[in-house]
Amino acid sequence: MRKELEKTYDPVQVEDRIYDFWLKGNYFAAKADPAKKPYTIVIPPPNVTGQLHMGHALDETMQDILIRTRRMQGYAALWVPGTDHAGIATQIVVEAALRNNEGKTRYDLGRERFVRRVWDWKELYGNRILKQLRKLGSSCDWSRERFTMDEGCSEAVKEVFVNLYNKGLIYRGNRIINWCPRCTTALSDAEVEYKEQPGHFWHIRYPIKGTSKSLVVATTRPETMLGDTAIAVNPNDERYKSIVGKTAILPLVGREIPIIADDYVDMDFGTGCVKITPCHDPNDFEVGKRHGLEEILIMDENACINKNGGRYFGLDRYAARKQIVADLEKEGYLVKIEEHSHNVGECYRCKTTVEPIASRQWFVKMAPLAKPAIEAVENGDVKFVPERFSKIYINWMNNIHDWCISRQLWWGHRIPAYYCDDCGEMTVSKETVNVCPKCGSNHMHQDEDVLDTWFSSALWPFSTLGWPKKTADLDYFYPTTTLVTAYDIIFFWVARMIFSGLEHTGKPPFKTVFIHGLVRDAQGRKMSKSLGNGIDPLKVIEQYGADALRFALATNNSPGNDMRFSDEKVEASRNFANKLWNAARFVLMNLHGEETALPAHLTLDDKWILSKLNNVVADVTANIDKFELGIALDKVYSFIWDDFCDWYIELAKIRLFAGGEQAEGASRVLVYVLDKILKLLHPFMPFITEEIWQSIPHEGKALVVAPYPEYSEALNFAADEEDMNLIMSAIKEIRAKRAAMNIPLSKKAALFIETDKPETFAKGAEFFKRLAGVSEIEIERELSVANALTMVVPSAKLMIPMNELVDPEKERARLNKEKAAAENEITRCESRLNNEGFISKAPAKLIEDERKKLASLKEMLDKINDSLAKLGEIK
RNA sequence: GGGGGCAUAGCUCAGCUGGUUAGAGCGCUCGCUUCACAUGCGAGAGGUCGGGGGUUCAAGUCCCUCUGCCCCUACCA
């Protein structure tokens with residue numbers, strides 16, 4: 001017994017139940033199957049601290065559309081889920097909880113206990129976001145859920161670290177890095193966001209020793225002068241040639257510092273003199289190395305002045321700045337202050353201004369890794385969609401610096417380097433080192449630092465499949481097929497996966513990178529916590545359903561471009577779901593048996609809808625192959641709403657209500673087409689399609705694993721489509737005419753059709769009656785009807801004797817307007833066909849179409865003229 | 001300083017390798033309680049595809065240029 005469907009679709013009643021049904025059927029599980037082709041996506045692992053936001057919703061929707069399509073197409077479609085330990089982000093969250101709940105810092109607990117706390121926290125909340133993904137309908141293989149700090153991923157991290165170290169591609173060195181004083185850790189270049197900020201240019205006078213002269217330097221960070229160890233000028237600067245080699249006296253400090261010449265200095269900028277602070281500026285650091293300058297670090301890990309700062313010791317960097325400026329002024333060294341806007345770097349996690357500081361850190365040597373990673377994209381092994389992102393990627397890779405990978409955090413992969421307390425030897429090893437291989441001492445300690453979070457996510461496509469072990473999964477599913485992500489994460493993640501995959505597995509980690517844009521609010525602003533303009537996907541799902549949310553995200557969205565999100569958009573999507581629901585209700589209400597195959601006899605409207613469907617299948621498949629998901633969905637949408645619901649169902653009613661064999665035939669075609677519709681739409685709107693599909697006659701256990709439709713030449717009825725189009729445009733014309741003249745369809749009237757294709761129109765006789773308010777119909781090659789409303793359409797003249805409703809003058813005006821339009825088109829057509837260039841160079845098909853069009857137009861013009869003449873007679 | 005994007009109907013946006021009369025959703029107007037659906041049905045109004053130039057038989061689509069927004073990237077103190 002079939003269950004009756006409700007009048008309005010209620011996603012809340014359906015979605016969780018359907019998701020459970022999928023889980024129970026184990027339909028998302030993928031296994032290596034030699035009989036199938038693999039299709040693999042690894043999820044961009046959301047932070048364990050994360051809450052599902054619209055960006056995730058878009059990203060997961062895109063992935064799910066792809067994976068569901070391929071699964072139905074018979075691929076071994078694997079979508080690997082998981083989360084990222086998100087070093088800084090997670091540590092911040094747990095530290096905040098610790099502070100708020102217990103008033104403690106991580107130092108109060110100590111490293112070991114703190115890390116255990118984070119694990120506890122992860123166990124408690126870490127799966128929240130993955131549960132939220134289920135609400136969206138994500139068809140991940142949950143049996144393969146991974147975590148960047150689980151055992152396997154951690155093994156991979158150690159393996160990679162040791163390999164790179166042994167190849168000399170990881171080194172430890174003292175260099176200028178970006179330091180976040182709030183997180184008290186080093187950051188990579190990618191983790192710093194630059195913002196244009198108003199600031200000042202302080203011009204400071206440095207006396208030259210043994211003279212009464214002085215030099216003026218300009219700086220945006222006066223506090224760094226405490227660490228100055230030279231003044232530099234350009235060697236070609238005539239102004240300063242005489243003083244190069246002399247000594248300057250550092251104001252406030254009194255230190256004697258050399259005046260040096262270096263090409264780095266731009267003569268035309270500022271005063272042409274630059275203070276050199278090797279420990280607090282990357283350029284100065286290089287200058288310092290070139291000239292063997294003293295390196296004086298003046299800040300501690302909290303960006304407070306350290307003991308090298310003399311009387312400023314202990315002051316925070318900004319307090320120190322204020323004090324130093326005041327002192328400079330007091331002592332007469334401050335020449336002037338200028339307004340100056342400049343780029344200030346911020347920590348991408350906590351937005352604190354970062355400090356460039358010389359520090360001993362671990363780095364990945366990038367040049368040798370970048371080269372093959374660039375080539376892989378250049379030679380097409382890895383393709384970006386849209387293509388323009390490959391340029392952005394290559395550009396970035398070409399200018400990449402060594403990657404600072406050590407973080408002074410507690411939450412993360414600890415660096416596998418061990419130091420001997422006795423002889424100082426360092427040993428890098430996958431295994432814990434308890435005995436110094438050099439001196440045999442057992443006084444060993446491991447490096448305190450952890451690795452950049454992105455170091456482990458860079459390995460995600462292969463670490464999740466078992467690497468470094470040679471697993472069957474790795475062999476089968478790797479390289480993965482498609483990576484789906486937003487453009488803002490290309491540098492952090494995509495680039496690093498590419499060089500890591502190439503270096504460690506010898507293969508690029510994926511074939512295609514499918515890039516989408518960001519989801520913005522209705523005003524086009526980025527959704528953010530601080531603005532409070534974020535729309536919660538879970539609330540949208542509660543209100544409208546996950547299918548509606550997915551539809552709203554996928555429709556009218558083109559690769560790589562940002563999109564706006566609004567309630568209206570979801571409402572429209574919800575309405576579409578309801579439309580489909582009701583179409584299905586109708587089909588069910590008129591069901592004749594459980595047959596799923598097409599009936600032997602097909603009518604004109606049957607052939608028309610089947611032929612259209614067939615083409616939609618081909619188009620949509622092609623669009624999805626090209627990642628044109630928005631276009632694909634649009635085609636499915638208009639086929640369902642415009643062709644199936646508005647036309648085919650209405651036409652089918654004729655036979656359904658007539659009963660008997662006719663009704664059965666129509667019913668079976670309805671079921672057949674609906675089945676295909678549900679399959680085409682399923683990747684986009686999985687819940688409602690599965691729910692409906694389970695209710696209609698079907699083959700197989702679940703739509704989620706039902707075979708995806710394919711184009712079939714046997715269902716190509718091009719000629720019938722054309723015939724149907726003639727009838728449809730005639731029906732539309734009559735409706736338009738009636739609407740314009742305020743004659744409701746309920747007011748029936750006779751219809752006379754003069755046409756040279758009487759057989760064609762005869763096939764649609766009943767259609768006119770049903771859809772155009774026609775009571776009786778006569779179709780002839782030659783017809784003359786007095787006092788009739790006349791409409792000229794391709795291949796036919798339609799006449800409705802309704803003289804009492806026709807104002808001859810208005811009718812004449814209308815016909816004249818049509819005549820002018822037709823003549824206009826004819827002129828265009830003719831001039832085109834008379835154009836020699838067009839005839840000789842345009843494709844034959846196009847010329848042929850143009851000729852047909854001209855003939856048809858001329859025929860219509862004749863008929864219009866004829867009608868005008870008749871109108872004259874009547875008058 | 002480099003690189004990229006966007007500009008199409010009142011609003012938000014599609015429009016693939018150039019090819020009929022440029023599309024959708026929302027909004028708007030008119031008419032419909034028609035036996036799946038008013039979260040609906042039918043009919044409409046609304047666009048010099050940012051300006052200018054070029055290539056082509058043919059340009060919203062390709063090239064150049066200008067204008068206006070937006071983003072990324074970069075060590076000018």
# chains A, B, ... in the order shown; residues from 1 in each chain; ligands from 1
>>> select_by_dssp(residues="region 637-740 of chain A", states="alpha helix (DSSP H)", output="PyMOL selection string")
chain A and resi 637-638+650-658+660-681+686-695+718-740
>>> residues_around(residues="region 24-29 of chain B", least_positions_apart="5", cutoff="9 Å", atoms="only C-alpha atoms (C1' of nucleotides)", output="VMD selection string")
(chain A and resid 556 568 to 569 572 634) or (chain B and resid 10 to 14 44 to 45)
>>> residues_around(residues="G5 (chain B)", least_positions_apart="2", cutoff="12 Å", atoms="only C-alpha atoms (C1' of nucleotides)", output="list in words")
Arg388, Phe389, Ile392, Tyr487, Gly517, Gly560, Asn561 and Asp562 of chain A; G3, A7, C69, C70, C71 and C72 of chain B
>>> write_last_selection(atoms="C-alpha atoms (C1' of nucleotides)", output="short mmCIF file (atom, residue, chain, number, x, y, z; two decimals), in the first residue's frame")
data_model
loop_
_atom_site.label_atom_id
_atom_site.label_comp_id
_atom_site.auth_asym_id
_atom_site.auth_seq_id
_atom_site.Cartn_x
_atom_site.Cartn_y
_atom_site.Cartn_z
CA ARG A 388 42.56 31.68 -14.09
CA PHE A 389 43.51 30.36 -10.65
CA ILE A 392 47.50 33.03 -9.39
CA TYR A 487 39.95 30.57 -3.48
CA GLY A 517 33.89 31.74 -4.25
CA GLY A 560 35.31 30.96 -8.67
CA ASN A 561 32.84 33.78 -8.14
CA ASP A 562 31.41 35.01 -4.88
"C1'" G B 3 48.42 40.10 -10.45
"C1'" A B 7 30.32 46.01 -14.43
"C1'" C B 69 33.84 49.34 -7.69
"C1'" C B 70 36.23 44.82 -5.32
"C1'" C B 71 39.98 41.23 -4.09
"C1'" C B 72 44.79 38.99 -3.78
#
>>> residues_around(residues="Asn163 (chain A)", least_positions_apart="6", cutoff="9 Å", atoms="only C-alpha atoms (C1' of nucleotides)", output="compact mmCIF listing (two decimals) with N, CA and C atoms, in the first residue's frame")
# COMPACT_ATOMS: atom_id res chain seq x y z
N LEU A 169 65.97 19.48 3.11
CA LEU A 169 64.89 20.39 2.75
C LEU A 169 64.18 20.96 3.99
N ILE A 170 64.55 20.44 5.14
CA ILE A 170 64.12 21.09 6.37
C ILE A 170 65.38 21.47 7.13
N HIS A 504 56.38 13.46 -1.86
CA HIS A 504 56.35 12.26 -1.04
C HIS A 504 55.72 11.05 -1.72
>>> residues_around(residues="Tyr264 (chain A)", least_positions_apart="6", cutoff="9 Å", atoms="only C-alpha atoms (C1' of nucleotides)", output="ChimeraX atom specification")
/A:232-234,283,287
>>> select_by_dssp(residues="region 506-545 of chain A", states="strand (DSSP E or B)", output="ChimeraX atom specification")
/A:510-516,519-520,526
>>> write_last_selection(atoms="C-alpha atoms", output="short mmCIF file (atom, residue, chain, number, x, y, z; two decimals), in the first residue's frame")
data_model
loop_
_atom_site.label_atom_id
_atom_site.label_comp_id
_atom_site.auth_asym_id
_atom_site.auth_seq_id
_atom_site.Cartn_x
_atom_site.Cartn_y
_atom_site.Cartn_z
CA PHE A 510 44.56 15.43 -7.29
CA LYS A 511 43.76 15.97 -10.93
CA THR A 512 41.43 18.93 -10.65
CA VAL A 513 41.10 21.76 -8.18
CA PHE A 514 37.56 23.05 -8.33
CA ILE A 515 37.52 26.54 -6.87
CA HIS A 516 34.41 28.30 -5.70
CA VAL A 519 29.20 33.26 0.35
CA ARG A 520 28.31 36.84 1.21
CA LYS A 526 31.57 38.98 3.93
#
>>> closest_residue(among="A:Ala261, A:Lys31, A:Lys757, A:Glu223", to="Lys241 (chain A)", atoms="only C-alpha atoms")
A:Ala261
>>> residues_around(residues="Val616 (chain A)", least_positions_apart="2", cutoff="9 Å", atoms="only C-alpha atoms (C1' of nucleotides)", output="PDB file with N, CA and C atoms, in the first residue's frame")
ATOM      1  N   SER A 611      11.933  13.005 -25.588  1.00  0.00           N
ATOM      2  CA  SER A 611      13.032  13.529 -26.398  1.00  0.00           C
ATOM      3  C   SER A 611      13.720  14.695 -25.683  1.00  0.00           C
ATOM      4  N   LYS A 612      12.900  15.545 -25.109  1.00  0.00           N
ATOM      5  CA  LYS A 612      13.449  16.676 -24.339  1.00  0.00           C
ATOM      6  C   LYS A 612      14.277  16.165 -23.169  1.00  0.00           C
ATOM      7  N   LEU A 613      13.714  15.220 -22.448  1.00  0.00           N
ATOM      8  CA  LEU A 613      14.407  14.635 -21.302  1.00  0.00           C
ATOM      9  C   LEU A 613      15.758  14.076 -21.732  1.00  0.00           C
ATOM     10  N   ASN A 614      15.725  13.370 -22.836  1.00  0.00           N
ATOM     11  CA  ASN A 614      16.934  12.756 -23.368  1.00  0.00           C
ATOM     12  C   ASN A 614      18.028  13.804 -23.584  1.00  0.00           C
ATOM     13  N   ALA A 618      21.740  14.511 -21.572  1.00  0.00           N
ATOM     14  CA  ALA A 618      23.044  14.697 -22.220  1.00  0.00           C
ATOM     15  C   ALA A 618      23.678  16.023 -21.796  1.00  0.00           C
ATOM     16  N   ASP A 619      22.880  17.067 -21.807  1.00  0.00           N
ATOM     17  CA  ASP A 619      23.396  18.392 -21.459  1.00  0.00           C
ATOM     18  C   ASP A 619      23.890  18.444 -20.021  1.00  0.00           C
ATOM     19  N   VAL A 620      23.047  17.971 -19.129  1.00  0.00           N
ATOM     20  CA  VAL A 620      23.369  18.069 -17.701  1.00  0.00           C
ATOM     21  C   VAL A 620      24.631  17.275 -17.390  1.00  0.00           C
ATOM     22  N   THR A 621      24.743  16.104 -17.968  1.00  0.00           N
ATOM     23  CA  THR A 621      25.940  15.293 -17.755  1.00  0.00           C
ATOM     24  C   THR A 621      27.181  16.043 -18.230  1.00  0.00           C
ATOM     25  N   ALA A 632      23.959  23.207 -14.916  1.00  0.00           N
ATOM     26  CA  ALA A 632      23.323  21.891 -14.896  1.00  0.00           C
ATOM     27  C   ALA A 632      22.016  21.944 -14.101  1.00  0.00           C
ATOM     28  N   LYS A 635      19.185  23.717 -15.801  1.00  0.00           N
ATOM     29  CA  LYS A 635      18.544  22.922 -16.860  1.00  0.00           C
ATOM     30  C   LYS A 635      17.569  21.902 -16.272  1.00  0.00           C
ATOM     31  N   VAL A 636      17.977  21.285 -15.190  1.00  0.00           N
ATOM     32  CA  VAL A 636      17.086  20.326 -14.548  1.00  0.00           C
ATOM     33  C   VAL A 636      15.838  21.044 -14.040  1.00  0.00           C
ATOM     34  N   PHE A 639      13.523  22.064 -16.851  1.00  0.00           N
ATOM     35  CA  PHE A 639      12.864  20.883 -17.421  1.00  0.00           C
ATOM     36  C   PHE A 639      11.719  20.430 -16.515  1.00  0.00           C
ATOM     37  N   TYR A 711      22.035   9.270 -22.054  1.00  0.00           N
ATOM     38  CA  TYR A 711      21.404   9.598 -23.334  1.00  0.00           C
ATOM     39  C   TYR A 711      21.171   8.318 -24.126  1.00  0.00           C
TER      40      TYR A 711
END
>>> closest_residue(among="B:C32, B:A38, B:C49, B:C66", to="chain A", atoms="only C-alpha atoms (C1' of nucleotides)")
B:C32
>>> residues_around(residues="Trp641 (chain A)", least_positions_apart="6", cutoff="9 Å", atoms="only C-alpha atoms (C1' of nucleotides)", output="PDB file with C-alpha atoms, in the first residue's frame")
ATOM      1  CA  PHE A 576      10.740  24.392  -6.183  1.00  0.00           C
ATOM      2  CA  LYS A 579       6.550  21.971  -6.863  1.00  0.00           C
ATOM      3  CA  LEU A 580       8.365  18.724  -7.417  1.00  0.00           C
ATOM      4  CA  TRP A 647       3.164  21.213 -20.181  1.00  0.00           C
TER       5      TRP A 647
END
>>> interface_residues(of="chain B", to="chain A", cutoff="8 Å", atoms="only C-alpha atoms (C1' of nucleotides)", output="list in words")
G3, G4, U12, C13, A14, G19, U20, G25, C26, G31, A36, C37, U39, G42, A43, C57, A58, U73, C75, C76 and A77 of chain B
>>> atom_distance(atom1="CA of Ser831 (chain A)", atom2="CA of Asn725 (chain A)")
27.1 Å
>>> atom_distance(atom1="CA of Thr481 (chain A)", atom2="CA of Pro707 (chain A)")
20.5 Å
>>> atom_distance(atom1="CA of Glu60 (chain A)", atom2="CA of Gly87 (chain A)")
22.8 Å
>>> closest_residue(among="A:Glu329, A:Phe477, A:Ile415, A:Leu549", to="Val162 (chain A)", atoms="only C-alpha atoms")
A:Ile415
>>> decode(residues="region 29-60 of chain B", atoms="N, CA, C and O atoms (P, O5', C5', C4', C3', O3' and C1' of nucleotides)", output="short mmCIF file (atom, residue, chain, number, x, y, z; two decimals), in the first residue's frame")
data_model
loop_
_atom_site.label_atom_id
_atom_site.label_comp_id
_atom_site.auth_asym_id
_atom_site.auth_seq_id
_atom_site.Cartn_x
_atom_site.Cartn_y
_atom_site.Cartn_z
P U B 29 1.92 45.48 -8.55
"O5'" U B 29 1.46 45.51 -10.08
"C5'" U B 29 1.43 46.74 -10.80
"C4'" U B 29 0.94 46.47 -12.20
"C3'" U B 29 -0.29 45.58 -12.29
"O3'" U B 29 -1.48 46.32 -12.07
"C1'" U B 29 1.32 44.83 -13.84
P C B 30 -2.73 45.58 -11.37
"O5'" C B 30 -3.25 44.69 -12.59
"C5'" C B 30 -3.75 45.31 -13.77
"C4'" C B 30 -4.12 44.27 -14.78
"C3'" C B 30 -4.97 43.11 -14.27
"O3'" C B 30 -6.33 43.46 -14.14
"C1'" C B 30 -3.24 42.25 -15.59
P G B 31 -7.20 42.80 -12.97
"O5'" G B 31 -7.43 41.32 -13.52
"C5'" G B 31 -8.03 41.13 -14.79
"C4'" G B 31 -7.92 39.70 -15.19
"C3'" G B 31 -8.34 38.69 -14.15
"O3'" G B 31 -9.75 38.61 -14.01
"C1'" G B 31 -6.36 37.96 -15.19
P C B 32 -10.34 37.86 -12.75
"O5'" C B 32 -10.14 36.34 -13.18
"C5'" C B 32 -10.24 35.35 -12.20
"C4'" C B 32 -9.67 34.07 -12.74
"C3'" C B 32 -9.62 32.98 -11.70
"O3'" C B 32 -10.84 32.26 -11.70
"C1'" C B 32 -7.49 33.21 -12.65
P U B 33 -11.86 32.50 -10.47
"O5'" U B 33 -11.32 31.37 -9.48
"C5'" U B 33 -10.49 31.69 -8.38
"C4'" U B 33 -10.07 30.40 -7.74
"C3'" U B 33 -11.19 29.37 -7.63
"O3'" U B 33 -11.32 28.55 -8.81
"C1'" U B 33 -10.20 29.67 -5.51
P U B 34 -10.38 27.33 -9.22
"O5'" U B 34 -10.92 27.15 -10.70
"C5'" U B 34 -11.76 26.06 -11.05
"C4'" U B 34 -11.01 25.05 -11.87
"C3'" U B 34 -9.84 24.38 -11.15
"O3'" U B 34 -10.28 23.24 -10.44
"C1'" U B 34 -9.16 25.11 -13.30
P C B 35 -9.60 22.84 -9.03
"O5'" C B 35 -8.70 21.58 -9.37
"C5'" C B 35 -8.40 20.63 -8.33
"C4'" C B 35 -8.83 19.24 -8.73
"C3'" C B 35 -7.98 18.60 -9.81
"O3'" C B 35 -6.81 18.05 -9.28
"C1'" C B 35 -10.23 18.31 -10.37
P A B 36 -5.62 17.62 -10.21
"O5'" A B 36 -4.34 17.72 -9.25
"C5'" A B 36 -4.24 16.90 -8.10
"C4'" A B 36 -2.99 17.27 -7.35
"C3'" A B 36 -2.85 18.75 -7.02
"O3'" A B 36 -3.49 19.04 -5.80
"C1'" A B 36 -0.86 17.99 -8.05
P C B 37 -4.12 20.49 -5.53
"O5'" C B 37 -2.85 21.43 -5.35
"C5'" C B 37 -2.05 21.34 -4.17
"C4'" C B 37 -0.76 22.07 -4.38
"C3'" C B 37 -0.88 23.56 -4.67
"O3'" C B 37 -0.99 24.29 -3.47
"C1'" C B 37 0.67 22.58 -6.17
P A B 38 -2.13 25.34 -3.25
"O5'" A B 38 -1.39 26.71 -2.89
"C5'" A B 38 -0.22 27.18 -3.54
"C4'" A B 38 -0.28 28.69 -3.60
"C3'" A B 38 -0.87 29.33 -2.36
"O3'" A B 38 -0.01 30.38 -1.93
"C1'" A B 38 -1.91 30.15 -4.33
P U B 39 1.10 30.15 -0.77
"O5'" U B 39 2.41 29.62 -1.51
"C5'" U B 39 3.41 30.57 -2.01
"C4'" U B 39 4.48 29.73 -2.67
"C3'" U B 39 3.84 28.65 -3.52
"O3'" U B 39 3.90 28.82 -4.93
"C1'" U B 39 5.20 27.69 -1.76
P G B 40 4.85 29.05 -5.95
"O5'" G B 40 4.19 28.27 -7.16
"C5'" G B 40 3.71 26.95 -6.97
"C4'" G B 40 2.31 26.78 -7.52
"C3'" G B 40 2.03 27.38 -8.88
"O3'" G B 40 2.59 26.62 -9.91
"C1'" G B 40 0.21 27.81 -7.48
P C B 41 3.11 27.34 -11.22
"O5'" C B 41 1.74 27.59 -11.97
"C5'" C B 41 0.95 26.50 -12.39
"C4'" C B 41 -0.23 27.00 -13.16
"C3'" C B 41 0.09 28.02 -14.24
"O3'" C B 41 0.58 27.43 -15.43
"C1'" C B 41 -1.74 28.77 -12.99
P G B 42 1.65 28.24 -16.30
"O5'" G B 42 0.71 29.28 -17.04
"C5'" G B 42 -0.27 28.81 -17.93
"C4'" G B 42 -1.10 29.95 -18.42
"C3'" G B 42 -0.34 31.14 -18.97
"O3'" G B 42 0.13 30.93 -20.28
"C1'" G B 42 -2.02 31.91 -17.53
P A B 43 1.45 31.66 -20.77
"O5'" A B 43 0.97 33.17 -20.85
"C5'" A B 43 -0.02 33.54 -21.79
"C4'" A B 43 -0.38 34.98 -21.59
"C3'" A B 43 0.76 35.97 -21.76
"O3'" A B 43 1.02 36.24 -23.12
"C1'" A B 43 -0.49 36.51 -19.83
P G B 44 2.42 36.76 -23.55
"O5'" G B 44 2.67 37.95 -22.53
"C5'" G B 44 3.15 39.16 -22.98
"C4'" G B 44 2.76 40.29 -22.06
"C3'" G B 44 3.90 41.23 -21.75
"O3'" G B 44 4.08 42.15 -22.81
"C1'" G B 44 2.70 40.75 -19.77
P A B 45 5.55 42.47 -23.29
"O5'" A B 45 5.89 43.73 -22.39
"C5'" A B 45 4.96 44.82 -22.30
"C4'" A B 45 5.30 45.66 -21.11
"C3'" A B 45 6.77 46.01 -20.97
"O3'" A B 45 7.09 47.15 -21.73
"C1'" A B 45 5.93 45.23 -18.90
P G B 46 8.40 47.16 -22.59
"O5'" G B 46 9.53 47.17 -21.46
"C5'" G B 46 9.63 48.28 -20.57
"C4'" G B 46 10.56 47.92 -19.44
"C3'" G B 46 11.95 47.44 -19.90
"O3'" G B 46 12.81 48.55 -20.12
"C1'" G B 46 11.08 45.96 -18.27
P G B 47 13.48 48.76 -21.51
"O5'" G B 47 14.87 48.04 -21.39
"C5'" G B 47 15.76 48.31 -20.28
"C4'" G B 47 17.03 47.55 -20.47
"C3'" G B 47 17.77 47.84 -21.79
"O3'" G B 47 18.74 48.83 -21.57
"C1'" G B 47 17.79 45.51 -21.18
P U B 48 18.83 50.09 -22.51
"O5'" U B 48 19.95 49.75 -23.58
"C5'" U B 48 19.66 48.93 -24.71
"C4'" U B 48 20.62 49.28 -25.80
"C3'" U B 48 22.09 49.10 -25.45
"O3'" U B 48 22.49 47.77 -25.63
"C1'" U B 48 21.78 51.21 -26.43
P C B 49 23.93 47.26 -25.27
"O5'" C B 49 23.68 46.81 -23.76
"C5'" C B 49 24.56 47.20 -22.70
"C4'" C B 49 24.84 45.99 -21.84
"C3'" C B 49 26.30 45.55 -21.84
"O3'" C B 49 26.73 45.51 -20.48
"C1'" C B 49 24.82 43.71 -22.29
P G B 50 28.22 45.93 -20.12
"O5'" G B 50 28.19 47.51 -20.02
"C5'" G B 50 27.18 48.18 -19.27
"C4'" G B 50 27.66 49.57 -18.97
"C3'" G B 50 28.37 50.26 -20.13
"O3'" G B 50 27.47 50.85 -21.04
"C1'" G B 50 29.67 50.46 -18.18
P G B 51 27.88 50.87 -22.59
"O5'" G B 51 28.93 52.06 -22.66
"C5'" G B 51 28.52 53.39 -22.35
"C4'" G B 51 29.64 54.36 -22.63
"C3'" G B 51 30.32 54.20 -23.99
"O3'" G B 51 29.60 54.80 -25.05
"C1'" G B 51 31.97 54.40 -22.32
P G B 52 29.68 54.15 -26.50
"O5'" G B 52 31.19 54.38 -26.90
"C5'" G B 52 31.67 55.69 -27.20
"C4'" G B 52 33.14 55.66 -27.50
"C3'" G B 52 33.58 54.76 -28.65
"O3'" G B 52 33.35 55.32 -29.92
"C1'" G B 52 35.02 54.43 -26.81
P G B 53 33.10 54.33 -31.15
"O5'" G B 53 34.52 53.66 -31.38
"C5'" G B 53 35.58 54.42 -31.98
"C4'" G B 53 36.87 53.66 -31.91
"C3'" G B 53 36.96 52.39 -32.75
"O3'" G B 53 37.17 52.63 -34.13
"C1'" G B 53 37.85 51.97 -30.61
P G B 54 36.54 51.61 -35.19
"O5'" G B 54 37.44 50.30 -35.00
"C5'" G B 54 38.82 50.33 -35.36
"C4'" G B 54 39.52 49.09 -34.88
"C3'" G B 54 39.13 47.79 -35.57
"O3'" G B 54 39.77 47.64 -36.83
"C1'" G B 54 39.27 47.43 -33.24
P U B 55 39.06 46.78 -37.97
"O5'" U B 55 39.26 45.30 -37.42
"C5'" U B 55 40.56 44.71 -37.39
"C4'" U B 55 40.47 43.28 -36.89
"C3'" U B 55 39.48 42.40 -37.64
"O3'" U B 55 40.06 41.87 -38.84
"C1'" U B 55 39.17 42.13 -35.32
P U B 56 39.19 41.93 -40.17
"O5'" U B 56 38.01 40.91 -39.86
"C5'" U B 56 38.30 39.53 -39.65
"C4'" U B 56 37.04 38.80 -39.25
"C3'" U B 56 35.85 39.02 -40.17
"O3'" U B 56 35.90 38.17 -41.30
"C1'" U B 56 35.17 39.24 -37.91
P C B 57 35.43 38.80 -42.72
"O5'" C B 57 33.85 38.92 -42.54
"C5'" C B 57 33.08 39.64 -43.51
"C4'" C B 57 31.60 39.37 -43.28
"C3'" C B 57 31.14 39.54 -41.85
"O3'" C B 57 30.83 40.89 -41.57
"C1'" C B 57 30.33 37.49 -42.70
P A B 58 31.24 41.51 -40.18
"O5'" A B 58 30.38 40.67 -39.15
"C5'" A B 58 28.96 40.84 -39.13
"C4'" A B 58 28.36 39.88 -38.13
"C3'" A B 58 28.94 39.96 -36.73
"O3'" A B 58 28.33 41.00 -35.99
"C1'" A B 58 28.78 37.70 -37.41
P A B 59 29.15 41.80 -34.89
"O5'" A B 59 29.31 40.77 -33.70
"C5'" A B 59 28.17 40.32 -32.96
"C4'" A B 59 28.53 40.28 -31.48
"C3'" A B 59 28.74 41.65 -30.86
"O3'" A B 59 28.27 41.66 -29.51
"C1'" A B 59 30.74 40.41 -30.73
P G B 60 26.76 41.87 -29.19
"O5'" G B 60 26.78 41.80 -27.61
"C5'" G B 60 27.39 42.85 -26.85
"C4'" G B 60 27.82 42.33 -25.50
"C3'" G B 60 29.04 41.41 -25.54
"O3'" G B 60 30.21 42.16 -25.46
"C1'" G B 60 27.31 40.40 -24.28
#
